[in-house]
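Chemist: Input file: upload18.cif. Contents: mmCIF, C-alpha atoms.
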```cif
data_run
#
loop_
_atom_site.group_PDB
_atom_site.id
_atom_site.type_symbol
_atom_site.label_atom_id
_atom_site.label_comp_id
_atom_site.auth_asym_id
_atom_site.auth_seq_id
_atom_site.Cartn_x
_atom_site.Cartn_y
_atom_site.Cartn_z
ATOM 1 C CA MET A 1 0.000 0.000 0.000
ATOM 2 C CA ILE A 2 1.309 3.418 -0.908
ATOM 3 C CA HIS A 3 0.563 6.875 0.386
ATOM 4 C CA PHE A 4 1.351 10.398 -0.734
ATOM 5 C CA SER A 5 2.741 13.192 1.404
ATOM 6 C CA PRO A 6 3.623 16.731 0.363
ATOM 7 C CA LEU A 7 7.216 17.025 -0.785
ATOM 8 C CA LYS A 8 9.487 19.138 1.365
ATOM 9 C CA ARG A 9 11.968 21.488 -0.290
ATOM 10 C CA SER A 10 14.675 20.061 1.963
ATOM 11 C CA ALA A 11 14.287 16.687 0.195
ATOM 12 C CA ILE A 12 14.894 18.003 -3.333
ATOM 13 C CA ASP A 13 18.612 17.220 -3.620
ATOM 14 C CA THR A 14 18.167 13.674 -2.309
ATOM 15 C CA LEU A 15 15.244 12.971 -4.639
ATOM 16 C CA ILE A 16 17.106 14.276 -7.668
ATOM 17 C CA ARG A 17 20.119 12.065 -6.820
ATOM 18 C CA LEU A 18 17.825 9.048 -6.615
ATOM 19 C CA GLU A 19 16.135 10.018 -9.874
ATOM 20 C CA ARG A 20 19.519 10.332 -11.632
ATOM 21 C CA ASP A 21 20.199 6.703 -10.691
ATOM 22 C CA THR A 22 16.833 5.763 -12.195
ATOM 23 C CA THR A 23 16.728 7.465 -15.579
ATOM 24 C CA PRO A 24 19.204 9.088 -17.946
ATOM 25 C CA TYR A 25 16.715 11.934 -18.481
ATOM 26 C CA SER A 26 16.175 13.008 -14.906
ATOM 27 C CA TRP A 27 14.939 16.362 -13.753
ATOM 28 C CA THR A 28 17.335 18.822 -12.192
ATOM 29 C CA ALA A 29 16.949 20.293 -8.731
ATOM 30 C CA GLN A 30 16.012 23.552 -10.452
ATOM 31 C CA ASN A 31 13.167 21.831 -12.345
ATOM 32 C CA LEU A 32 11.714 20.674 -9.049
ATOM 33 C CA LYS A 33 12.235 24.062 -7.379
ATOM 34 C CA ASN A 34 10.473 25.740 -10.307
ATOM 35 C CA SER A 35 7.515 23.402 -9.778
ATOM 36 C CA PHE A 36 7.204 24.543 -6.172
ATOM 37 C CA GLU A 37 7.337 28.179 -7.282
ATOM 38 C CA ALA A 38 4.646 27.535 -9.903
ATOM 39 C CA SER A 39 2.367 26.117 -7.176
ATOM 40 C CA ALA A 40 2.380 22.618 -8.654
ATOM 41 C CA ASP A 41 1.413 19.736 -6.394
ATOM 42 C CA CYS A 42 4.651 17.948 -5.474
ATOM 43 C CA TYR A 43 4.214 14.675 -3.583
ATOM 44 C CA LEU A 44 6.503 12.039 -2.181
ATOM 45 C CA VAL A 45 5.298 8.471 -2.758
ATOM 46 C CA GLN A 46 6.001 6.119 0.139
ATOM 47 C CA SER A 47 5.416 2.478 0.935
ATOM 48 C CA GLU A 48 6.025 0.971 4.358
ATOM 49 C CA GLY A 49 7.956 4.059 5.456
ATOM 50 C CA GLU A 50 10.297 4.076 2.449
ATOM 51 C CA SER A 51 10.414 6.774 -0.203
ATOM 52 C CA ILE A 52 9.767 4.971 -3.462
ATOM 53 C CA GLY A 53 9.319 7.942 -5.787
ATOM 54 C CA TYR A 54 7.581 11.221 -6.332
ATOM 55 C CA TYR A 55 5.270 13.015 -8.719
ATOM 56 C CA VAL A 56 4.519 16.574 -9.753
ATOM 57 C CA VAL A 57 1.132 17.584 -11.134
ATOM 58 C CA GLN A 58 -0.164 21.011 -12.145
ATOM 59 C CA ARG A 59 -3.900 21.687 -11.890
ATOM 60 C CA VAL A 60 -5.685 24.285 -13.987
ATOM 61 C CA LEU A 61 -9.457 24.543 -13.627
ATOM 62 C CA ASP A 62 -10.840 21.061 -14.425
ATOM 63 C CA GLU A 63 -7.650 19.736 -16.054
ATOM 64 C CA ALA A 64 -4.282 18.606 -14.768
ATOM 65 C CA GLU A 65 -0.909 17.859 -16.293
ATOM 66 C CA LEU A 66 1.411 15.250 -14.866
ATOM 67 C CA LEU A 67 4.762 17.015 -15.144
ATOM 68 C CA ASN A 68 6.915 14.243 -13.695
ATOM 69 C CA ILE A 69 6.466 10.859 -12.105
ATOM 70 C CA VAL A 70 9.332 8.727 -10.854
ATOM 71 C CA VAL A 71 9.557 5.317 -9.230
ATOM 72 C CA PHE A 72 13.109 4.917 -7.975
ATOM 73 C CA LYS A 73 15.116 2.058 -9.462
ATOM 74 C CA PRO A 74 15.038 -0.359 -6.468
ATOM 75 C CA PHE A 75 11.215 -0.219 -6.501
ATOM 76 C CA GLN A 76 10.546 -0.605 -10.213
ATOM 77 C CA SER A 77 8.731 -3.613 -11.686
ATOM 78 C CA GLN A 78 6.801 -4.170 -8.450
ATOM 79 C CA GLY A 79 3.526 -2.479 -9.441
ATOM 80 C CA PHE A 80 4.251 0.826 -7.687
ATOM 81 C CA GLY A 81 3.925 2.838 -10.910
ATOM 82 C CA SER A 82 0.470 1.408 -11.599
ATOM 83 C CA GLU A 83 -0.608 1.837 -7.989
ATOM 84 C CA THR A 84 0.609 5.446 -7.947
ATOM 85 C CA MET A 85 -1.206 6.261 -11.193
ATOM 86 C CA ARG A 86 -4.449 4.628 -10.012
ATOM 87 C CA LYS A 87 -4.396 6.506 -6.715
ATOM 88 C CA LEU A 88 -3.438 9.794 -8.371
ATOM 89 C CA LYS A 89 -6.277 9.476 -10.904
ATOM 90 C CA LEU A 90 -8.778 8.791 -8.118
ATOM 91 C CA GLU A 91 -7.545 11.771 -6.132
ATOM 92 C CA LEU A 92 -7.739 14.086 -9.142
ATOM 93 C CA ALA A 93 -11.209 12.863 -10.126
ATOM 94 C CA GLY A 94 -12.351 13.450 -6.534
ATOM 95 C CA SER A 95 -11.220 17.060 -6.812
ATOM 96 C CA ARG A 96 -13.289 17.602 -9.980
ATOM 97 C CA ILE A 97 -10.450 17.187 -12.463
ATOM 98 C CA LYS A 98 -11.887 15.774 -15.699
ATOM 99 C CA LYS A 99 -8.777 15.281 -17.869
ATOM 100 C CA LEU A 100 -5.176 14.407 -17.110
ATOM 101 C CA PHE A 101 -2.433 15.156 -19.651
ATOM 102 C CA LEU A 102 1.198 14.119 -19.797
ATOM 103 C CA GLU A 103 4.157 14.167 -22.130
ATOM 104 C CA VAL A 104 6.470 11.207 -22.673
ATOM 105 C CA ARG A 105 9.510 10.456 -24.806
ATOM 106 C CA ALA A 106 8.523 8.335 -27.779
ATOM 107 C CA SER A 107 11.327 5.886 -26.904
ATOM 108 C CA ASN A 108 10.150 5.331 -23.330
ATOM 109 C CA GLU A 109 8.341 2.056 -24.004
ATOM 110 C CA ILE A 110 7.969 1.104 -20.334
ATOM 111 C CA ALA A 111 6.248 4.380 -19.470
ATOM 112 C CA MET A 112 4.099 4.209 -22.611
ATOM 113 C CA ALA A 113 2.895 0.720 -21.670
ATOM 114 C CA LEU A 114 1.972 1.926 -18.179
ATOM 115 C CA TYR A 115 0.134 4.992 -19.454
ATOM 116 C CA GLU A 116 -1.804 3.016 -22.055
ATOM 117 C CA LYS A 117 -2.727 0.437 -19.405
ATOM 118 C CA MET A 118 -3.994 3.325 -17.257
ATOM 119 C CA GLY A 119 -6.295 4.590 -20.032
ATOM 120 C CA PHE A 120 -4.150 7.272 -21.659
ATOM 121 C CA GLU A 121 -4.190 7.758 -25.409
ATOM 122 C CA VAL A 122 -1.781 9.622 -27.650
ATOM 123 C CA MET A 123 -3.264 12.903 -28.860
ATOM 124 C CA HIS A 124 -0.331 14.116 -30.948
ATOM 125 C CA ALA A 125 3.440 14.266 -31.200
ATOM 126 C CA ARG A 126 5.826 17.164 -30.824
ATOM 127 C CA ARG A 127 8.370 16.326 -33.508
ATOM 128 C CA ASN A 128 12.037 16.488 -32.494
ATOM 129 C CA TYR A 129 11.075 18.035 -29.170
ATOM 130 C CA TYR A 130 13.775 16.482 -27.005
ATOM 131 C CA ARG A 131 17.329 17.369 -27.912
ATOM 132 C CA VAL A 132 19.872 14.859 -26.698
ATOM 133 C CA GLU A 133 23.554 15.632 -26.877
ATOM 134 C CA LYS A 134 25.298 13.700 -29.681
ATOM 135 C CA GLN A 135 22.054 11.927 -30.557
ATOM 136 C CA LYS A 136 19.200 12.518 -32.918
ATOM 137 C CA ALA A 137 16.318 14.623 -31.572
ATOM 138 C CA GLU A 138 13.382 12.665 -30.196
ATOM 139 C CA ASP A 139 9.627 13.149 -30.383
ATOM 140 C CA ALA A 140 7.495 13.911 -27.352
ATOM 141 C CA LEU A 141 4.092 12.236 -27.274
ATOM 142 C CA ILE A 142 1.227 14.151 -25.681
ATOM 143 C CA MET A 143 -1.214 11.810 -23.973
ATOM 144 C CA ARG A 144 -4.610 12.340 -22.371
ATOM 145 C CA CYS A 145 -6.836 10.386 -20.026
ATOM 146 C CA TYR A 146 -10.413 11.186 -19.083
ATOM 147 C CA LEU A 147 -11.073 10.730 -15.364
#
```
Translate this file's structure into C-alpha cells.
Modeler:
Amino acid sequence: MIHFSPLKRSAIDTLIRLERDTTPYSWTAQNLKNSFEASADCYLVQSEGESIGYYVVQRVLDEAELLNIVVFKPFQSQGFGSETMRKLKLELAGSRIKKLFLEVRASNEIAMALYEKMGFEVMHARRNYYRVEKQKAEDALIMRCYL
C-alpha cells in the first residue's frame, strides 16, 4: 500500500540524486524548485515508510498535467507505478479534475505501456522536441486520459 505526502523542499537534492540513478533523463533540482514556485502539487510516494518515488502535477481549472512521475530504481517492476497512477487518478477525479495530460519520450516504451494500461491515449506528437547531446532529436508524445 502506498501513500502520498507533500514534498518538502529540503528533500529536493536527495530525490534528484535518486532520480539520476533511475533514468538518464532526470529532472534537475532547479526543475523541481520551479515546480514549487509555480504552485504545482509535489508529492513524495512512500510504501512501508520508504520513499519509493515522487510526482509533480499542475492543476488548472478542471484539467491537470502530470509534469513528472518517478519510481526509484530499487522499486521498479513491483507495481508501484500502476498503484501510484491509479491513486493519483482517483484523487484528481475526486477534486473535480476531468482530464489528465502528460508528455512522454517516444522511446520510453515502459512508461508508454503503463500509461496506455492506465487509459491514456496519444493525442499528438511534438516532432524532435527532445534534444539529446550527440544523438538525434526525439519526439514527445502528448497523452490524455479522461477521469
Chemist: Can you work out the spacing between CA of Tyr55 (chain A) and CA of Lys98 (chain A) in Å, to one decimal?
Modeler: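 Pair CA of Tyr55 (chain A) / CA of Lys98 (chain A) returns 18.7 Å.
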Chemist: Using all atoms listed in the file, what table do you get, as a tab-separated table, when you list each residue of region 43-143 of chain A with an atom no more than 10 Å from region 14-19 of chain A, its nearest pair of atoms, and their distance in Å rounded to one decimal, rows by chain then rising number?
Modeler:
```
residue	atom	partner	partner_atom	distance
A:Leu44	CA	A:Leu15	CA	9.1
A:Ser51	CA	A:Leu15	CA	9.0
A:Ile52	CA	A:Leu18	CA	9.6
A:Gly53	CA	A:Leu15	CA	7.9
A:Tyr54	CA	A:Leu15	CA	8.0
A:Ile69	CA	A:Glu19	CA	10.0
A:Val70	CA	A:Glu19	CA	7.0
A:Val71	CA	A:Glu19	CA	8.1
A:Phe72	CA	A:Glu19	CA	6.2
A:Lys73	CA	A:Leu18	CA	8.0
A:Pro74	CA	A:Leu18	CA	9.8
```
Chemist: With all atoms listed in the file counted, which protein, DNA or RNA residues have an atom no more than 10 Å from (6.9, 16.2, -15.9) in the file frame? Please answer as a PDB file with C-alpha atoms, in the frame of the given file.
Modeler:
```
ATOM      1  CA  SER A  26      16.175  13.008 -14.906  1.00  0.00           C
ATOM      2  CA  TRP A  27      14.939  16.362 -13.753  1.00  0.00           C
ATOM      3  CA  ASN A  31      13.167  21.831 -12.345  1.00  0.00           C
ATOM      4  CA  LEU A  32      11.714  20.674  -9.049  1.00  0.00           C
ATOM      5  CA  SER A  35       7.515  23.402  -9.778  1.00  0.00           C
ATOM      6  CA  TYR A  55       5.270  13.015  -8.719  1.00  0.00           C
ATOM      7  CA  VAL A  56       4.519  16.574  -9.753  1.00  0.00           C
ATOM      8  CA  VAL A  57       1.132  17.584 -11.134  1.00  0.00           C
ATOM      9  CA  GLN A  58      -0.164  21.011 -12.145  1.00  0.00           C
ATOM     10  CA  GLU A  65      -0.909  17.859 -16.293  1.00  0.00           C
ATOM     11  CA  LEU A  66       1.411  15.250 -14.866  1.00  0.00           C
ATOM     12  CA  LEU A  67       4.762  17.015 -15.144  1.00  0.00           C
ATOM     13  CA  ASN A  68       6.915  14.243 -13.695  1.00  0.00           C
ATOM     14  CA  ILE A  69       6.466  10.859 -12.105  1.00  0.00           C
ATOM     15  CA  VAL A  70       9.332   8.727 -10.854  1.00  0.00           C
ATOM     16  CA  LEU A 102       1.198  14.119 -19.797  1.00  0.00           C
ATOM     17  CA  GLU A 103       4.157  14.167 -22.130  1.00  0.00           C
ATOM     18  CA  VAL A 104       6.470  11.207 -22.673  1.00  0.00           C
TER      19      VAL A 104
END
```
Chemist: Pick from A:His3, A:Arg20, A:Lys117, A:Arg59: nearest to Ile97 (chain A), with only C-alpha atoms counted?
Modeler: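 Checking each candidate against Ile97 (chain A), we get A:Arg59 as the closest.
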Chemist: Using all atoms listed in the file, pick whichever of A:Met1, A:Ala106, A:Asn34, A:Pro6 has the shortest atom-to-atom distance to Thr84 (chain A).
Modeler: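 Smallest distance to Thr84 (chain A) is found for A:Met1.
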Chemist: Would you compute the distance between CA of Tyr115 (chain A) and CA of Glu50 (chain A)? Give it in Å to one decimal.
Modeler: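 CA of Glu50 (chain A) lies 24.2 Å from CA of Tyr115 (chain A).
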Chemist: From the set A:Arg131, A:Lys8, A:Lys87, A:Lys99, which residue has the shortest atom-to-atom contact distance to Leu147 (chain A), counting all atoms listed in the file?
Modeler: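 Between A:Arg131, A:Lys8, A:Lys87, A:Lys99, the residue approaching Leu147 (chain A) most closely is A:Lys99.
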Chemist: Between CA of Asp41 (chain A) and CA of Leu90 (chain A), what is the spacing in Å?
Modeler: 15.1 Å
Chemist: Which residues, written as a VMD selection string, have at least one atom at most 8 Å from Leu7 (chain A), with only C-alpha atoms counted and residues fewer than 4 positions away on the same chain left out?
Modeler: chain A and resid 11 42 to 44
Chemist: Write out as JSON, numbers by chain which residues come within 6 Å of region 124-130 of chain A when counting all atoms listed in the file, dropping same-chain ones fewer than 4 positions away.
Modeler: {"A": [137, 138, 139, 140, 141, 142]}
Chemist: From the options A:Phe101, A:Phe80, A:Phe4, A:Phe75, which residue's atoms come nearest to Asp62 (chain A), counting only C-alpha atoms?
Modeler: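 Ranking A:Phe101, A:Phe80, A:Phe4, A:Phe75 by distance to Asp62 (chain A), first place goes to A:Phe101.
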Chemist: List every protein, DNA or RNA residue that has at least one atom no more than 8 Å from (-9.2, 10.9, -21.7) in the file's coordinates, counting all atoms listed in the file, and write the result as a VMD selection string.
Modeler: chain A and resid 99 to 100 119 to 121 144 to 147
Chemist: Nearest residue to Gln46 (chain A) out of A:Ile12, A:Met143, A:Leu88, A:Ile2, using only C-alpha atoms?
Modeler: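 The closest residue to Gln46 (chain A) is A:Ile2.
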